[in-house]
Every structure is written in C-alpha cells, then in structure tokens.
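Comments concern the structure below.
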Amino acid sequence: MPARSRNAAMMAVVAAAVICAAGSLPIARTAAESPAANVSLRTPWGEPDLQGIWTVETDTPFQRSPKYANQEFFTEAQRAEFDRERAQLRGRDNRGERGSERDVAGAYNAVFGAMKRTGTRTSMIIDPPDGRIPPMTAAAQKIAAEDREFRLAMMRATQTCKLNQPGCAGGKYDPTPTPRRYEIPARYNVARMNRHDRPEDGALADRCLTPGLPEFGAGNGGGSFRRIVQTPGGIAIAYDVGQGQGWQRSIVMNGSPHLPASIRQWFGDSRGHWEGDTLVVDVTNFSPKTDYRGSRENLHLIERWRRTSPTTLEYIATIDDPTVWTRPWSVMQEFTRQDEEQNRIYYEPRCIEGNEGFPAMMKAARQEDREFAEGRGPDPITKDNASGYNEPDPLQQ
Amino acid sequence: MFVRFSGSVIAVAVAAAAVGALVSASVTQTLGQAGGARPPTILGKPNFSGIWQANNEANWDLTAHAALPGAVTQQGVYPFDYARVPAAPVLALGAAGAVPGSLGVVQDDGQIPYRPEALAIKKENAEHWIDRDPELKCYLPGIPRAMYMPYPFEITQSTNKIHIAYEFSNSARTIHLDKVEGPPDDTWMGHSVGQWDGDTLVVDVGNFNDRTWFDRAGDFHSDALHLEERFTLMTPDIIHYEVTIDDPKVFTRPWRIAMPIYRRVEPNMQLIEFRCNEFVEEFMYGGLRKEPLVKHWEGETISIDVTRKVPPGDKFYEWYR
C-alpha cells in the first residue's frame with residue numbers, strides 16, 4: 001500500500017468524497033449494474049469489451065493468513081464472522097489514553113475509512129501458491145530496514161514511543177531528540193515522516209502525488225474507480241483513487257517498444273496487446289519517485305485484464321523486480337461494473353486545487369519551531385505529527 | 001481578421017470521411033501515430049481518436065494582440081504601454097520569456113463582450129496574472145482552455161463515450177453520448193454531453209465552477225458558464241473546433257471562438273506525463289520551508305535573487321569568434 005493520507009486537515013478538504021465512499025459501505029452496496037441478458041461482451045469492432053466504470057465491492061486479504069494456509073476460499077461462516085467483527089470495529093471510537101495526542105487525533109478515526117463485505121478469497125495474491133509476498137532480496141531488506149530506522153529515529157522522543165503505541169512499532173522511546181533530525185533520506189521520500197521541514201518531507205499522497213500502479217481497488221483507503229473507454233486500436237483508463245487523486249493511462253497498442261529508459265513516469269509506460277480475449281499490458285519506465293512496497297524504477301508489471309461476465313472484470317497483475325523480490329508474484333482482483341448514474345461524482349480527481357492540509361502541516365510545524373525557539377513550546381521533534389491512528393483491519397494480516 | 005474556415009472545405013472533408021460508413025477491421029488507413037491503424041469512422045460517425053494539439057497563441061490571449069516583451073512587464077523609460085520592458089519574473093529568460101502575437105481566435109467582432117463590472121475584473125486579473133492564473137498553480141485547466149493549451153491531448157472515441165485525456169496535469173473529461181445526468185457538484189472540467197449533428201460532434205458542457213480561466217490574459221467566467229462545442233473534421237488530420245461561450249453573469253451575449261486543432265502525426269507520438277503539481281511546490285509552498293531555497297519569503301511574498309552568471313566563452317561577443 002502506498003503512503004496513505006491520514007492528515008486531519010486534508011480529510012476535511014476531501015470529506016465530501018470520503019463520505020460518499022464510506023456511505024456506500026457496508027450498509028448499502030454500491031449499485032452494481034444488474035446483469036442484462038443482452039449486454040454484448042464485444043465492441044462493435046470485435047474486440048473484447050472492457051468498458052465501463054469498475055470498482056471493487058468486497059474486501060479481500062492481500063496476503064493469506066497462515067491460519068488459512070491450505071484454504072483458497074473462505075467458508076460462508078468465516079466470511080460472516082469477519083463481517084460481524086469488522087462491522088463492530090468500524091464505528092468504534094478508537095482513542096488513546098485520555099489527554100494523549102492519540103486521543104485528540106482519534107477524532108479522525110475509522111469513519112473515514114471504507115470497509116466492505118468480506119470477499120470469497122483468502123488472499124488477493126494467487127502466486128506464489130501460499131498467497132504470500134515472496135521474500136525480499138537481501139539488498140532490498142537492508143534498504144527497507146535503514147528506511148524504517150531513519151523514520152523511527154524521528155519518532156523516538158515522542159509520546160507515541162513513550163506509550164509504546166503502534167506508530168512506534170519496532171522502535172524504542174528515547175527522550176533525547178535524534179541527531180538525525182536534519183538528515184536527508186538516502187532515497188526520495190514517499191511516506192509521512194515525523195518532520196515537516198519542507199514539502200519533500202511529506203508523503204506523496206499528502207502532496208497530491210499519489211503514485212498508484214498497480215491499483216487493486218483500495219485507492220487511498222476509501223476504494224477506487226477506473227473508467228475504461230475503448231476505440232479500435234486504443235484504450236484509455238481513467239483512475240480515481242480517492243483523496244481527490246487520480247490519473248490517466250493511454251495504453252499504447254501499436255506494438256512499438258517502450259519509451260527510452262531516460263523517460264521515467266509516475267504511472268510508467270503502458271504497452272498493450274490482445275492475447276485472445278485478454279488485454280495484456282506491459283508497464284515499465286517507472287520513476288524512482290514512486291514506490292510500490294519497496295519497488296521503484298525497476299518495477300515491471302504485466303497486467304492481464306479480462307471481461308468475465310457482463311458485470312465483472314478480472315485483473316491479474318504480475319509484479320516483477322528482481323532487485324526487490326526473489327521471484328515475480330501475482331495478484332488477482334475482480335472488479336464490478338458500476339452504474340454511470342450512481343458514480344457521477346467520480347469524474348474529476350482534484351487534489352492540489354484544494355489541498356489546504358499539506359501547507360497547513362508545514363505552517364503548523366513552523367509555528368511550533370517559533371514557539372520552541374522562544375521557549376514557549378516543546379521541541380517539535382518530541383511531538384508525533386506523523387503516525388496514523390486507524391485500527392488494524394483483522395482481515396489484513 | 002480572425003480565423004475562419006470556409007463551409008465548402010468542411011463539406012468536402014466530411015463527405016470524404018463519410019465514405020467509410022461502418023467500422024471495419026479491414027480498414028487499414030494508418031493515421032500515423034501510436035495506436036496504429038484507426039478506421040476513419042465509428043458506427044458511421046467520424047472517428048476523432050488520436051493525439052491532437054492546437055498550434056496557436058490562444059492560451060496567451062484569446063483576442064488579437066501584438067507580441068509583448070515579457071509575460072510580465074514593467075514601465076521602462078517611457079510612460080507608454082507600447083514601450084514597457086520585461087519585469088523580474090521573466091527577465092533572465094530573454095526572448096523565451098516574451099509573448100508571441102496573434103490575430104486572435106474570437107469570432108465576429110473579435111471582442112469578448114464583458115459586462116462593465118466584469119471587464120474591470122478581467123483587467124485586474126491581467127495585472128495579477130502570476131497570483132491568479134490557475135494554470136500557474138497546475139490546477140485543472142477547465143474547458144475550453146485545455147483544448148488549446150500548448151500540450152497534446154488524446155481522444156479515445158467509443159460508441160457511447162468519448163474520453164479525452166490531456167497531458168497537462170493528468171486532467172481529462174468524458175463526453176457522454178448516452179446522456180448521463182450531471183454530477184451533484186460543480187466541476188473544473190465541466191460535464192460534457194455530446195450528440196451528432198450530421199458529421200459534427202456537438203458537445204454541451206455545463207456544471208462548471210468559477211475557478212478556471214480562458215487564457216493567461218485574465219479572461220474569466222462564472223459558475224454560470226455554458227459551452228456548446230462543435231468538432232468537425234476538415235481533413236483526417238485537422239479538426240475545426242468551435243465553441244459558443246455563454247455566461248450571462250459575465251458577458252452581455254454569447255460569443256464564439258474557433259481554431260484548427262492538428263493531429264500529432266509523428267509515428268511514435270504518445271502523451272508524456274506532465275504532472276505539474278510537483279513542479280509548482282516551491283511556487284506554492286516554498287515560504288513554508290524551514291530553510292528557504294530562494295532569497296527569502298515574507299508571508300506569501302517571495303523575494304528571488306536572480307543571479308545570471310555568464311560562463312567563460314558564452315559572452316555574446318564571444319559567439320562570433
């Protein structure tokens with residue numbers, strides 16, 4: 001999952017969109033198009049028809065819990081139990097100790113996240129067969145560990161570490177502010193850190209720079225939508241991933257090679273072709289500013305899009321980056337076709353146009369700097385302005 | 001004199017396009033860009049699919065204007081408007097910071113019929129271009145501006161939807177040929193509903209907010225903006241694009257702009273990302289850095305030291321040695 005936006009102020013800005021997403025769950029299903037008998041699954045020019053607005057109606061564990069090691073599908077009873085447990089979790093007023101930073105921040109809690117009914121599969125990962133992400137290479141593990149260490153150093157003098165809260169997981173409380181507080185990270189920063197000295201300290205999502213591929217339907221936490229429009233020899237995919245963010249993909253279908261390696265893009269370079277009824281898209285040329293679970297400019301995606309029924313679209317992405325994982329792995333998601341009239345708001349991702357939250361974080365940080373310098377406030381590095389407050393979803397383990 | 005196209009030229013082009021009445025996989029006419037072979041028609045209607053770009057000065061100013069020494073100017077030696085000189089924001093760019101002249105794209109009398117109070121706002125907008133133009137902040141450009149900004153866009157035409165992806169800022173719009181109701185809120189890019197008038201695609205666009213501009217000259221509109229766009233193929237590689245602009249809060253009557261939009265015929269043409277919200281972070285948030293990158297900020301006032309050092313060998317008289 002890319003960096004998530006959990007910024008209180010930003011939440012307010014996009015409240016309308018979030019409420020819309022949350023409102024459709026789990027109480028009322030989003031209005032899926034009723035299967036019409038006469039829906040043709042081919043375009044008039046004979047290609048498989050993948051067109052429409054597509055979303056995900058259920059929540060499925062990304063990785064398979066060892067608990068279901070030999071079980072590809074949940075039983076009905078297991079799904080019902082998850083639904084019951086998660087429905088209770090959803091409305092919970094999840095706060096920390098009274099008066100703690102987490103108590104106050106808890107004002108923005110689970111109500112801002114979408115939770116859907118539990119899906120049928122025990123994992124979205126279909127390969128390796130155990131449903132788990134394959135081990136990372138030693139080099140990638142080292143990079144990840146160093147990054148974690150840097151971020152935890154920034155947290156160590158906070159109440160979050162003192163109270164041993166989830167935002168400090170893996171770290172230890174130390175009241176002495178870290179000497180690393182002015183360090184520039186070894187790699188381009190993509191995630192929220194406990195420092196807001198400059199825009200580059202912000203999470204990509206906070207900066208309206210959500211990367212995004214591969215996108216399996218979670219978006220920025222509230223679900224996502226993609227609109228596919230086809231023409232003979234061309235395919236456009238427009239994404240809306242929530243938090244006002246989205247992007248356009250034009251799949252190049254003429255068999256030409258990828259862009260030169262010198263051109264790096266946030267959403268890569270997509271080259272597609274048909275294999276029978278499956279649209280196969282090869283995506284490379286990612287920017288080193290993107291980060292999918294540790295994979296950056298070397299990420300190579302092979303996407304397979306296949307219409308499986310009038311209302312369903314199967315999406316399988318094979319994720320390959322030998323610098324990060326010891327083998328390629330594949331994720332499957334089933335998208336559901338959405339009614340146009342029910343999705344009239346998901347036309348226009350807009351983020352920077354109303355991003356009061358991001359400058360507000362820096363403005364607040366400068367205010368704290370001033371107060372500290374004048375002896376009127378604590379050292380800002382002792383305050384947690386980074387960690388999220390959402391309770392873990394029991395489904396994602 | 002303004003851009004106009006003869007009706008007979010269009011009629012000839014349309015007749016040629018209408019020859020291929022149905023979509024056929026056997027049509028192999030290559031229009032020479034990513035996507036390869038594209039049939040000239042889809043369900044008997046002209047196929048606008050492909051990558052296009054306007055090639056004019058409309059994004060600088062819709063109306064006729066002489067070239068200007070800079071996108072931002074100041075009074076020089078003389079008090080005359082015609083003798084202004086480039087101002088600090090573009091000074092170091094030399095001729096690259098100047099504005100090309102144009103005969104304008106506004107039809108009929110060439111004037112934008114502002115109400116008097118709106119004209120005062122337009123003039124004020126022009127004076128505060130850097131502070132007010134949404135383009136500089138990388139905001140969604142709106143319609144019609146996205147159609148003639150100096151960036152390509154890609155049309156993907158299907159039977160009931162026509163999707164347009166603009167290179168600028170990942171913006172897009174979907175033209176609904178199947179009459180989807182407008183969104184419950186106003187929008188930057190509008191809500192587009194299309195229908196065919198013979199071989200002309202006529203698009204009705206509404207549901208706008210009042211945030212977008214028409215150009216860099218401060219031309220603006222309100223949330224009452226309503227457009228009727230007309231797309232007609234003049235040749236397989238040129239669209240005659242015409243828009244009737246109506247906004248009774250700002251203008252005394254509807255007015256029209258028109259221009260050709262050209263196909264990007266390069267065989268390897270594709271959109272390259274222009275995700276400019278990253279590019280404008282310093283412009284928008286630089287004042288909130290702990291350590292400023294430019295000279296200094298005072299609140300939202302930026303002071304930039306422009307030091308242009310000419311390296312050895314690049315002094316202008318050295319070029320001729």
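Residues in the structure tokens are numbered from 1 in each chain, the chains being A, B, ... in the order shown, and ligands are numbered from 1 in the order shown.
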Contacts between chain B and chain A, please, where a residue of chain A counts if it comes within 7 Å (with only C-alpha atoms); show its shortest atom pair and distance in Å to one decimal, rows by chain and ascending number, as a Markdown table.
| residue | atom | partner | partner_atom | distance |
| --- | --- | --- | --- | --- |
| A:Trp45 | CA | B:Val23 | CA | 6.2 |
| A:Asp197 | CA | B:Lys290 | CA | 5.0 |
| A:Arg198 | CA | B:Arg289 | CA | 4.6 |
| A:Val229 | CA | B:Ser158 | CA | 6.5 |
| A:Gln230 | CA | B:Ser158 | CA | 5.6 |
| A:Thr231 | CA | B:Ser158 | CA | 5.0 |
| A:Pro232 | CA | B:Arg38 | CA | 6.1 |
| A:Gly233 | CA | B:Gly35 | CA | 5.0 |
| A:Gly234 | CA | B:Gly35 | CA | 5.5 |
| A:Ile235 | CA | B:Thr156 | CA | 6.9 |
| A:Ala236 | CA | B:Thr156 | CA | 6.5 |
| A:Trp247 | CA | B:Asn170 | CA | 5.3 |
| A:Gln248 | CA | B:Asn170 | CA | 5.8 |
| A:Val252 | CA | B:Gly35 | CA | 6.0 |
| A:Met253 | CA | B:Gly35 | CA | 5.2 |
| A:Asn254 | CA | B:Gly35 | CA | 4.8 |
| A:Gln265 | CA | B:Glu273 | CA | 6.5 |
| A:Glu340 | CA | B:Val180 | CA | 6.9 |
| A:Glu341 | CA | B:Val180 | CA | 6.5 |
| A:Arg344 | CA | B:Pro183 | CA | 4.8 |
| A:Ile345 | CA | B:Pro183 | CA | 5.4 |
| A:Ile352 | CA | B:Tyr139 | CA | 6.8 |
| A:Glu353 | CA | B:Tyr139 | CA | 5.6 |
| A:Pro359 | CA | B:Tyr285 | CA | 6.4 |
| A:Met362 | CA | B:Leu288 | CA | 5.8 |
| A:Lys363 | CA | B:Leu288 | CA | 6.0 |
| A:Arg366 | CA | B:Lys290 | CA | 6.9 |
Would you mind exporting the chosen residues as a CSV table (one decimal), in the first residue's frame, restricted to N, CA and C atoms?
chain,number,residue,atom,x,y,z
A,45,TRP,N,-16.5,-3.4,-33.1
A,45,TRP,CA,-15.4,-3.7,-34.0
A,45,TRP,C,-14.7,-5.0,-33.6
A,197,ASP,N,9.8,19.8,7.5
A,197,ASP,CA,10.7,20.9,7.3
A,197,ASP,C,10.6,21.5,5.9
A,198,ARG,N,10.0,20.7,5.0
A,198,ARG,CA,9.9,21.0,3.5
A,198,ARG,C,8.9,20.2,2.9
A,229,VAL,N,-12.4,3.2,-21.6
A,229,VAL,CA,-13.0,3.6,-22.8
A,229,VAL,C,-12.1,3.0,-24.0
A,230,GLN,N,-12.8,2.4,-24.9
A,230,GLN,CA,-12.0,1.7,-26.0
A,230,GLN,C,-12.4,2.3,-27.3
A,231,THR,N,-11.4,2.3,-28.2
A,231,THR,CA,-11.6,2.7,-29.6
A,231,THR,C,-10.8,1.7,-30.4
A,232,PRO,N,-11.1,1.5,-31.7
A,232,PRO,CA,-10.3,0.5,-32.4
A,232,PRO,C,-8.8,0.9,-32.3
A,233,GLY,N,-8.0,0.0,-31.7
A,233,GLY,CA,-6.6,0.3,-31.6
A,233,GLY,C,-6.2,1.2,-30.5
A,234,GLY,N,-7.1,1.5,-29.6
A,234,GLY,CA,-6.7,2.4,-28.5
A,234,GLY,C,-7.5,2.1,-27.2
A,235,ILE,N,-6.9,2.3,-26.0
A,235,ILE,CA,-7.6,2.1,-24.8
A,235,ILE,C,-7.2,3.1,-23.8
A,236,ALA,N,-8.2,3.8,-23.2
A,236,ALA,CA,-7.9,4.8,-22.2
A,236,ALA,C,-8.5,4.3,-20.8
A,247,TRP,N,-5.5,9.6,-12.2
A,247,TRP,CA,-4.6,9.8,-13.3
A,247,TRP,C,-5.1,9.1,-14.5
A,248,GLN,N,-4.5,9.4,-15.6
A,248,GLN,CA,-4.9,8.9,-16.9
A,248,GLN,C,-3.9,7.9,-17.5
A,252,VAL,N,-0.7,2.1,-25.1
A,252,VAL,CA,-0.2,2.2,-26.5
A,252,VAL,C,-0.3,0.8,-27.1
A,253,MET,N,-1.1,0.6,-28.1
A,253,MET,CA,-1.5,-0.7,-28.7
A,253,MET,C,-0.8,-1.0,-30.0
A,254,ASN,N,0.2,-0.2,-30.5
A,254,ASN,CA,0.7,-0.4,-31.8
A,254,ASN,C,1.9,-1.3,-31.9
A,265,GLN,N,8.3,7.8,-15.5
A,265,GLN,CA,7.0,8.4,-15.3
A,265,GLN,C,6.4,7.8,-14.0
A,340,GLU,N,-23.4,4.2,-14.2
A,340,GLU,CA,-23.0,5.5,-14.5
A,340,GLU,C,-23.7,6.6,-13.6
A,341,GLU,N,-25.0,6.4,-13.5
A,341,GLU,CA,-25.8,7.4,-12.7
A,341,GLU,C,-25.4,7.4,-11.2
A,344,ARG,N,-21.6,9.6,-10.5
A,344,ARG,CA,-21.5,10.8,-11.2
A,344,ARG,C,-20.4,11.7,-10.6
A,345,ILE,N,-20.0,11.4,-9.4
A,345,ILE,CA,-19.0,12.3,-8.7
A,345,ILE,C,-17.6,11.9,-9.1
A,352,ILE,N,-4.7,19.2,-5.7
A,352,ILE,CA,-3.9,20.3,-5.4
A,352,ILE,C,-4.8,21.6,-5.4
A,353,GLU,N,-5.9,21.5,-6.1
A,353,GLU,CA,-6.8,22.6,-6.1
A,353,GLU,C,-7.4,23.0,-4.8
A,359,PRO,N,-0.1,22.3,3.1
A,359,PRO,CA,0.6,23.5,3.6
A,359,PRO,C,0.3,23.8,5.1
A,362,MET,N,2.9,22.1,7.3
A,362,MET,CA,4.1,22.9,7.3
A,362,MET,C,4.0,24.2,8.1
A,363,LYS,N,2.8,24.8,7.9
A,363,LYS,CA,2.6,26.1,8.6
A,363,LYS,C,2.6,25.8,10.1
A,366,ARG,N,6.1,25.3,11.4
A,366,ARG,CA,6.9,26.5,11.5
A,366,ARG,C,6.5,27.2,12.8
For stretch 68-74 of chain A: contacts at 6 Å, only C-alpha atoms, fewer than 2 positions along chain excluded, given as a list in words =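 Everything that qualifies: Ser65, Pro66, Gln78, Thr120, Arg121 and Thr122 of chain A.
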Output for the residues just chosen: N, CA and C atoms as a short mmCIF file (atom, residue, chain, number, x, y, z; two decimals), in the first residue's frame:
data_model
loop_
_atom_site.label_atom_id
_atom_site.label_comp_id
_atom_site.auth_asym_id
_atom_site.auth_seq_id
_atom_site.Cartn_x
_atom_site.Cartn_y
_atom_site.Cartn_z
N SER A 65 -3.47 -15.30 5.45
CA SER A 65 -3.03 -15.56 6.82
C SER A 65 -2.62 -17.03 6.93
N PRO A 66 -1.54 -17.32 7.70
CA PRO A 66 -1.13 -18.72 7.89
C PRO A 66 -2.29 -19.58 8.41
N GLN A 78 -17.04 -18.30 7.84
CA GLN A 78 -15.87 -17.45 8.10
C GLN A 78 -16.11 -16.02 7.62
N THR A 120 -14.62 -13.54 -1.18
CA THR A 120 -14.62 -15.00 -1.11
C THR A 120 -13.23 -15.59 -0.93
N ARG A 121 -12.20 -14.88 -1.41
CA ARG A 121 -10.86 -15.46 -1.42
C ARG A 121 -10.11 -15.17 -0.13
N THR A 122 -9.20 -16.05 0.23
CA THR A 122 -8.42 -15.85 1.45
C THR A 122 -7.18 -14.99 1.19
#
Those of stretch 160-344 of chain A in DSSP strand (DSSP E or B), formatted as a CSV table (one decimal) with C-alpha atoms, in the first residue's frame:
chain,number,residue,atom,x,y,z
A,225,PHE,CA,-12.7,3.5,-9.6
A,226,ARG,CA,-11.4,3.2,-13.1
A,227,ARG,CA,-13.2,4.1,-16.3
A,228,ILE,CA,-12.2,2.2,-19.4
A,229,VAL,CA,-13.0,3.6,-22.8
A,230,GLN,CA,-12.0,1.7,-26.0
A,231,THR,CA,-11.6,2.7,-29.6
A,234,GLY,CA,-6.7,2.4,-28.5
A,235,ILE,CA,-7.6,2.1,-24.8
A,236,ALA,CA,-7.9,4.8,-22.2
A,237,ILE,CA,-8.1,4.1,-18.5
A,238,ALA,CA,-9.0,7.0,-16.1
A,239,TYR,CA,-8.4,6.3,-12.4
A,240,ASP,CA,-9.9,7.9,-9.4
A,246,GLY,CA,-6.3,10.0,-10.0
A,247,TRP,CA,-4.6,9.8,-13.3
A,248,GLN,CA,-4.9,8.9,-16.9
A,249,ARG,CA,-3.5,6.0,-18.8
A,250,SER,CA,-3.4,5.7,-22.5
A,251,ILE,CA,-2.4,2.1,-23.4
A,252,VAL,CA,-0.2,2.2,-26.5
A,265,GLN,CA,7.0,8.4,-15.3
A,269,ASP,CA,4.8,3.4,-19.7
A,270,SER,CA,2.0,1.0,-20.8
A,271,ARG,CA,2.1,-1.1,-23.9
A,272,GLY,CA,-0.7,-3.4,-24.6
A,273,HIS,CA,-1.8,-6.2,-26.9
A,274,TRP,CA,-4.6,-8.8,-27.0
A,275,GLU,CA,-4.0,-12.4,-26.2
A,278,THR,CA,-7.3,-10.9,-22.5
A,279,LEU,CA,-5.8,-7.4,-22.7
A,280,VAL,CA,-2.1,-7.8,-21.7
A,281,VAL,CA,-0.3,-4.6,-20.7
A,282,ASP,CA,3.4,-4.4,-20.0
A,283,VAL,CA,4.3,-1.5,-17.8
A,284,THR,CA,7.9,-0.2,-17.3
A,286,PHE,CA,8.6,3.9,-13.6
A,292,TYR,CA,5.3,0.0,-4.6
A,295,SER,CA,10.0,-1.4,-5.7
A,300,HIS,CA,7.9,-4.2,-14.1
A,301,LEU,CA,4.2,-5.0,-14.3
A,302,ILE,CA,2.4,-7.4,-16.6
A,303,GLU,CA,-1.3,-6.8,-16.3
A,304,ARG,CA,-4.0,-9.1,-17.6
A,305,TRP,CA,-7.5,-7.6,-18.0
A,306,ARG,CA,-10.3,-10.0,-18.9
A,307,ARG,CA,-14.1,-9.5,-19.0
A,308,THR,CA,-15.5,-12.5,-17.2
A,309,SER,CA,-19.2,-11.6,-17.2
A,312,THR,CA,-17.3,-8.4,-13.8
A,313,LEU,CA,-13.7,-7.8,-15.0
A,314,GLU,CA,-10.8,-9.9,-13.8
A,315,TYR,CA,-7.5,-8.1,-13.2
A,316,ILE,CA,-4.3,-10.0,-12.6
A,317,ALA,CA,-1.0,-8.1,-12.2
A,318,THR,CA,2.3,-9.9,-12.2
A,319,ILE,CA,4.8,-7.9,-10.2
A,320,ASP,CA,8.5,-8.3,-11.0
A,325,TRP,CA,11.9,-9.7,-4.6
A,329,TRP,CA,4.4,-12.7,-7.9
A,330,SER,CA,0.9,-12.2,-9.0
A,331,VAL,CA,-2.2,-10.5,-7.5
A,332,MET,CA,-5.8,-11.0,-8.7
A,333,GLN,CA,-8.7,-8.7,-8.2
A,334,GLU,CA,-12.3,-8.9,-9.5
A,335,PHE,CA,-13.8,-5.5,-10.5
A,336,THR,CA,-17.5,-5.0,-10.6
A,337,ARG,CA,-19.2,-2.8,-13.2
A,338,GLN,CA,-20.8,0.3,-11.7
Might you pull out every residue within 8 Å of B:Gly110, with only C-alpha atoms counted and same-chain residues fewer than 5 positions away left off, and present them as an MDAnalysis selection string?
-> chainID B and resid 2 63:64 104:105
Please run DSSP on the backbone and report, as JSON, numbers by chain, all residues within stretch 110-331 of chain A that come out as helix (DSSP H, G or I).
-> {"A": [110, 111, 112, 138, 139, 140, 141, 142, 143, 144, 145, 146, 147, 148, 149, 150, 151, 152, 153, 154, 155, 159, 160, 161, 162, 166, 167, 168, 179, 180, 181, 182, 199, 200, 201]}
If you keep N, CA and C atoms, can you produce a file of those selected residues as a CSV table (one decimal), in the first residue's frame?
chain,number,residue,atom,x,y,z
A,110,ALA,N,-12.0,5.5,12.3
A,110,ALA,CA,-12.4,4.6,11.2
A,110,ALA,C,-13.5,5.1,10.4
A,111,VAL,N,-14.2,6.1,10.8
A,111,VAL,CA,-15.4,6.6,10.0
A,111,VAL,C,-14.9,7.1,8.6
A,112,PHE,N,-13.6,7.5,8.6
A,112,PHE,CA,-13.0,8.0,7.3
A,112,PHE,C,-12.5,6.9,6.4
A,138,ALA,N,18.2,-9.6,-0.1
A,138,ALA,CA,18.9,-9.1,1.0
A,138,ALA,C,19.1,-7.6,0.8
A,139,ALA,N,19.4,-7.1,-0.4
A,139,ALA,CA,19.7,-5.7,-0.6
A,139,ALA,C,18.4,-4.9,-0.3
A,140,ALA,N,17.3,-5.4,-0.8
A,140,ALA,CA,16.0,-4.7,-0.5
A,140,ALA,C,15.7,-4.6,1.0
A,141,GLN,N,15.9,-5.8,1.6
A,141,GLN,CA,15.7,-5.8,3.1
A,141,GLN,C,16.5,-4.8,3.8
A,142,LYS,N,17.8,-4.6,3.4
A,142,LYS,CA,18.7,-3.7,4.0
A,142,LYS,C,18.1,-2.2,3.8
A,143,ILE,N,17.7,-1.9,2.6
A,143,ILE,CA,17.2,-0.6,2.3
A,143,ILE,C,16.0,-0.3,3.1
A,144,ALA,N,15.1,-1.3,3.2
A,144,ALA,CA,13.8,-1.2,4.0
A,144,ALA,C,14.1,-1.0,5.5
A,145,ALA,N,15.1,-1.7,6.0
A,145,ALA,CA,15.4,-1.6,7.4
A,145,ALA,C,16.1,-0.2,7.7
A,146,GLU,N,16.9,0.2,6.8
A,146,GLU,CA,17.5,1.6,7.0
A,146,GLU,C,16.5,2.7,7.0
A,147,ASP,N,15.5,2.5,6.1
A,147,ASP,CA,14.5,3.5,6.0
A,147,ASP,C,13.6,3.5,7.3
A,148,ARG,N,13.3,2.3,7.7
A,148,ARG,CA,12.5,2.2,9.0
A,148,ARG,C,13.2,2.8,10.1
A,149,GLU,N,14.5,2.5,10.2
A,149,GLU,CA,15.3,3.0,11.3
A,149,GLU,C,15.4,4.6,11.3
A,150,PHE,N,15.5,5.1,10.1
A,150,PHE,CA,15.5,6.6,10.0
A,150,PHE,C,14.2,7.2,10.5
A,151,ARG,N,13.1,6.6,10.1
A,151,ARG,CA,11.8,7.1,10.4
A,151,ARG,C,11.5,6.9,11.9
A,152,LEU,N,12.0,5.8,12.5
A,152,LEU,CA,11.8,5.6,13.9
A,152,LEU,C,12.6,6.5,14.7
A,153,ALA,N,13.8,6.9,14.2
A,153,ALA,CA,14.7,7.8,14.9
A,153,ALA,C,13.9,9.2,15.1
A,154,MET,N,13.2,9.5,14.0
A,154,MET,CA,12.4,10.8,14.1
A,154,MET,C,11.3,10.7,15.1
A,155,MET,N,10.9,9.5,15.4
A,155,MET,CA,9.7,9.3,16.4
A,155,MET,C,10.2,9.1,17.8
A,159,GLN,N,5.6,11.0,22.5
A,159,GLN,CA,4.7,10.3,23.4
A,159,GLN,C,4.3,8.9,22.8
A,160,THR,N,4.2,8.9,21.5
A,160,THR,CA,3.8,7.6,20.9
A,160,THR,C,4.8,6.5,21.2
A,161,CYS,N,6.1,6.8,21.3
A,161,CYS,CA,7.0,5.8,21.7
A,161,CYS,C,7.0,5.6,23.2
A,162,LYS,N,6.8,6.7,23.9
A,162,LYS,CA,6.8,6.6,25.3
A,162,LYS,C,5.7,5.6,25.8
A,166,PRO,N,1.2,1.9,18.4
A,166,PRO,CA,1.6,1.3,17.1
A,166,PRO,C,2.5,2.1,16.2
A,167,GLY,N,2.4,3.5,16.3
A,167,GLY,CA,3.2,4.3,15.5
A,167,GLY,C,4.7,4.2,15.8
A,168,CYS,N,5.0,3.5,16.9
A,168,CYS,CA,6.4,3.4,17.3
A,168,CYS,C,6.9,1.9,17.1
A,179,PRO,N,19.9,12.9,16.7
A,179,PRO,CA,20.8,13.8,15.9
A,179,PRO,C,20.6,13.7,14.4
A,180,ARG,N,19.7,12.7,14.0
A,180,ARG,CA,19.4,12.5,12.6
A,180,ARG,C,18.3,13.4,12.1
A,181,ARG,N,17.8,14.3,12.9
A,181,ARG,CA,16.6,15.1,12.6
A,181,ARG,C,16.8,16.0,11.4
A,182,TYR,N,18.0,16.3,11.0
A,182,TYR,CA,18.1,17.2,9.8
A,182,TYR,C,18.6,16.4,8.6
A,199,PRO,N,8.4,20.6,1.7
A,199,PRO,CA,7.4,19.7,1.0
A,199,PRO,C,7.9,18.3,0.8
A,200,GLU,N,9.2,18.1,0.6
A,200,GLU,CA,9.7,16.8,0.3
A,200,GLU,C,9.7,15.9,1.5
A,201,ASP,N,9.5,16.4,2.7
A,201,ASP,CA,9.3,15.6,3.9
A,201,ASP,C,7.9,14.9,3.9
May I have the residues within 10 Å of B:Ala96 as a VMD selection string, using only C-alpha atoms and disregarding those fewer than 4 positions away in the same chain?
-> chain B and resid 69 to 71 90 to 92 100
Pick from A:Pro394, A:Pro129, A:Gly221, A:Pro48: nearest to A:Pro61, with only C-alpha atoms counted?
->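 Of the candidates, the smallest distance to A:Pro61 is held by A:Pro394.
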Excluding B:Asp223 and its own-chain neighbours fewer than 4 positions away, which residues fall within 9 Å of it when counting only C-alpha atoms? Please give them as a short mmCIF file (atom, residue, chain, number, x, y, z; two decimals) with C-alpha atoms, in the first residue's frame.
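In the end it all went to part.cif:
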data_model
loop_
_atom_site.label_atom_id
_atom_site.label_comp_id
_atom_site.auth_asym_id
_atom_site.auth_seq_id
_atom_site.Cartn_x
_atom_site.Cartn_y
_atom_site.Cartn_z
CA ASP B 186 -19.82 21.82 -9.87
CA GLY B 206 -22.07 22.71 -18.06
CA ASN B 207 -21.71 22.13 -14.28
CA PHE B 208 -18.66 24.41 -14.15
CA ASN B 209 -17.24 26.17 -11.12
CA ASP B 210 -15.93 29.73 -11.41
CA ARG B 211 -12.27 28.84 -10.89
CA ASP B 247 -22.24 33.16 -19.23
CA LYS B 249 -23.23 36.76 -15.24
#
